[in-house]
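Comments concern the structure below.
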Amino acid sequence: MENLSYLFAAYTVIFAVIFFYVLFLWRRQARLDEELRSLESGLRMVREELAERGATRSQASR
Amino acid sequence: MGAFVAILRKDLRLELRGGESTITLVALSLLILVVMVFALNPAGGARDAGTAAGALWVALIFSGTLGATRVLAAESGNGCLRALLLSPADRATLYCAKMLAAFIFMAVAEVAAVVIMVLFFNLEFDARLARLAPVLALGSLGFAGLATLLAAISGRVRAGDLLLPLLAVPLFVPALIAGVKASGAALAGEPISAFAEWLKILVAFDVLFLSAGYLLFEHVIGED
Amino acid sequence: MNRNAIDSLGLVTLVLMVAALFMVFVYVPTEAVQGIVQRIFYFHVPCAWVAFAAFALVAISGIFYLWLGQQVWDDLGYAAAETGMIFCTLVLVTGSIWARPIWGAWWTWDSRLTTTLILWLLYGGYLMLRAMADDTPQIARFAAVVGIVAAADVPIIIISVRLWRTIHPAVLVTRQGSHGLEDPRMVATLLVSMAAFTALFVWLLMLRFVTLRTRTRLNFLAGELGRTRAAVGDL
């Protein structure tokens with residue numbers, strides 16, 4: 001029955017689209033998470049440096 | 001009120017002096033109508049009232065898009081926009097003035113377009129055009145209201161002149177459907193009662209978009 | 001929303017989807033007139049409901065964003081628009097696949113499909129605006145305005161398209177089958193399908209929303225980093 005192929009086509013399209021969208025989201029999220037981690041660690045390092053420099057400064061000025 | 005009149009006067013006077021906008025709109029409408037005749041190959045005459053109406057509205061939309069862009073682009077450069085924003089006129093008043101200016105430009109271009117349409121499509125210069133007038137007026141008012149709001153957005157975005165029709169046309173669909181149907185009926189000689197339903201839709205559309213523009217314009221105009 | 005909640009939602013979606021699939025392919029009887037192809041309906045209609053609901057969400061987020069100015073509303077609106085676009089596309093594609101064996105044409109201008117097409121174009125315009133510009137508050141405001149105006153337009157679109165279709169002689173017959181479900185099993189299947197697709201929508205929405213929130217946080221931290229570096233430089 002060829003109408004069955006139409007039914008199959010419709011459902012396949014639905015699942016394919018959803019699958020690929022989820023895949024796209026997953027990849028995007030993984031990349032963003034990595035960027036976030038590196039940015040957060042970079043920020044931590046710079047903040048530590050700021051604290052250190054600030055501490056040495058105030059020591060030197062006493 | 002004073003601010004509204006002042007801004008409107010300024011735009012109209014600019015146009016009267018330079019005159020490029022209106023002439024360009026008329027020229028564009030003429031070209032579009034020519035293209036439509038080649039594209040649709042109408043037989044002409046009252047039987048083709050529907051086709052003529054359709055062609056007219058295509059011209060209306062695309063010249064309207066251009067008109068709205070021009071009206072807002074007039075303020076870019078020379079710090080004109082900042083001056084306007086710093087003035088005591090509020091954003092909603094600015095919207096009303098700009099919208100009305102765009103409407104007036106469209107209306108002038110449309111008069112020319114109707115004349116050209118009558119000639120190209122082999123129609124008559126008779127009372128039917130009087131019934132056509134309110135349809136065109138309502139449609140242009142709605143389009144001016146819609147396009148002025150959107151042009152403020154598209155003016156500040158990359159490739160904005162592509163974005164404007166992309167946004168404006170789907171939003172305009174109900175007025176387009178109603179306008180074409182009502183215009184076709186008017187040109188075919190039907191009485192206003194025959195297309196009253198479509199006129200109601202046009203009125204509803206205008207009310208919606210003019211209020212939306214009035215309320216939302218402050219969010220889209222302005223510098224960063 | 002934390003990641004565990006989203007994962008649970010994904011699980012719920014899966015369960016509902018399996019249930020819906022079972023009902024569509026095993027439980028529900030075949031419709032008399034259209035035959036087996038009619039089963040597309042049970043996924044086609046929920047997609048349409050989601051597409052319209054998502055659009056309302058875009059507009060509501062827009063209103064909150066303009067009113068409160070909080071970035072979270074803009075992120076929600078953008079997520080809703082993208083997710084809604086997916087489902088809107090599915091409505092059109094499944095509608096087309098359904099139309100072909102029934103009416104012999106790949107597309108019919110019946111009032112519901114036409115309205116959905118316009119909705120699709122509105123989604124497209126919104127997403128193009130977002131794609132063409134950067135992540136600034138100004139663009140967020142623009143997008144909010146577009147979303148609000150478009151959603152307000154939808155009722156008028158529905159009315160005008162319906163009027164357009166009724167006046168047109170029925171060369172292209174209006175699709176039936178959405179109402180007039182005689183068998184209660186059909187109604188049940190449709191309801192379960194609706195639930196499954198609603199869950200799916202919310203799950204995808206949350207996934208997209210989280211990526212946008214991450215992006216917002218990234219932008220914020222990048223700014224922080226710049227400021228802190230400048231402060232170090234000042235010392």
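Chains: A, B, ... in order of the structure tokens. Residues: from 1 per chain. Ligands: from 1, in order shown.
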Rows by chain and residue number, chain C within 7 Å of chain A, shortest pair, only C-alpha atoms, as a Markdown table:
| residue | atom | partner | partner_atom | distance |
| --- | --- | --- | --- | --- |
| C:Ile36 | CA | A:Leu4 | CA | 6.7 |
| C:Val37 | CA | A:Leu7 | CA | 5.4 |
| C:Ile40 | CA | A:Leu7 | CA | 6.2 |
| C:Leu90 | CA | A:Ile14 | CA | 6.5 |
| C:Thr94 | CA | A:Ala10 | CA | 5.4 |
| C:Ile97 | CA | A:Ala10 | CA | 6.3 |
| C:Pro101 | CA | A:Asn3 | CA | 6.7 |
| C:Leu207 | CA | A:Leu25 | CA | 6.9 |
| C:Arg208 | CA | A:Leu25 | CA | 6.5 |
| C:Thr211 | CA | A:Gln29 | CA | 5.4 |
| C:Thr214 | CA | A:Leu32 | CA | 6.6 |
| C:Arg215 | CA | A:Leu32 | CA | 6.8 |
| C:Leu218 | CA | A:Leu36 | CA | 5.9 |
| C:Leu225 | CA | A:Leu43 | CA | 5.5 |
| C:Thr228 | CA | A:Arg47 | CA | 6.8 |
| C:Arg229 | CA | A:Val46 | CA | 6.5 |
| C:Val232 | CA | A:Leu50 | CA | 5.4 |
Could you list the residues in chain C lying within 6 Å of chain B, using only C-alpha atoms, and format the result as a VMD selection string?
chain C and resid 118 125 142 157 160
Store the residues picked out above in a file with N, CA and C atoms, as a PDB file, in the first residue's frame.
ATOM      1  N   ILE C 118       1.969  31.607   6.966  1.00  0.00           N
ATOM      2  CA  ILE C 118       2.256  32.991   7.358  1.00  0.00           C
ATOM      3  C   ILE C 118       3.000  33.004   8.686  1.00  0.00           C
ATOM      4  N   GLY C 125      11.148  35.817   9.851  1.00  0.00           N
ATOM      5  CA  GLY C 125      11.559  37.210   9.964  1.00  0.00           C
ATOM      6  C   GLY C 125      12.216  37.487  11.304  1.00  0.00           C
ATOM      7  N   PHE C 142      14.447  45.213  19.833  1.00  0.00           N
ATOM      8  CA  PHE C 142      13.867  45.123  18.488  1.00  0.00           C
ATOM      9  C   PHE C 142      13.110  43.812  18.330  1.00  0.00           C
ATOM     10  N   ILE C 157      -4.829  37.645  11.084  1.00  0.00           N
ATOM     11  CA  ILE C 157      -4.429  36.783   9.977  1.00  0.00           C
ATOM     12  C   ILE C 157      -5.396  35.610   9.867  1.00  0.00           C
ATOM     13  N   SER C 160      -8.787  36.802   8.496  1.00  0.00           N
ATOM     14  CA  SER C 160      -8.803  37.217   7.088  1.00  0.00           C
ATOM     15  C   SER C 160      -8.581  36.033   6.163  1.00  0.00           C
TER      16      SER C 160
END
Would you kindly return, as a PyMOL selection string, each protein, DNA or RNA residue with an atom no farther than 7 Å from any atom of Gly139 in chain B, considering only C-alpha atoms and excluding same-chain residues fewer than 3 positions away?
chain B and resi 135-136+142-143+175+179+202
What is the distance between CA of Ala46 in chain B and CA of Leu199 in chain B, in Å to one decimal?
21.3 Å
Enumerate, as a PyMOL selection string, the complete set of residues in range 17-214 of chain B that a backbone-based DSSP assignment places in alpha helix (DSSP H).
chain B and resi 17-18+20-40+49-73+80-86+91-120+127-154+160-187+196-214
Between CA of Lys10 in chain B and CA of Leu94 in chain B, what distance in Å does the model show, to one decimal?
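Distance between the two atoms: 11.8 Å.
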Tell me, in Å to one decimal, how far CA of Met1 in chain B is from CA of Thr93 in chain B.
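Distance between the two atoms: 8.0 Å.
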List as a VMD selection string the protein and nucleic acid residues near Val50 in chain C, meaning an atom at most 10 Å away when only C-alpha atoms are counted, but skip any in the same chain fewer than 3 places from it.
chain C and resid 45 to 47 53 to 56 83 to 88 91 194 197 to 202
For range 125-134 of chain B, work out the shell of residues within 6 Å, counting only C-alpha atoms and skipping chain neighbours fewer than 6 positions away, then give it as a PyMOL selection string.
chain B and resi 183+186-187+189
Let me see the file: selected residues, C-alpha atoms, as a PDB file, in the first residue's frame.
ATOM      1  CA  SER B 183     -10.322  46.705  -4.468  1.00  0.00           C
ATOM      2  CA  ALA B 186     -14.830  48.077  -6.130  1.00  0.00           C
ATOM      3  CA  LEU B 187     -13.270  48.054  -9.585  1.00  0.00           C
ATOM      4  CA  GLY B 189     -18.502  47.904  -9.873  1.00  0.00           C
TER       5      GLY B 189
END
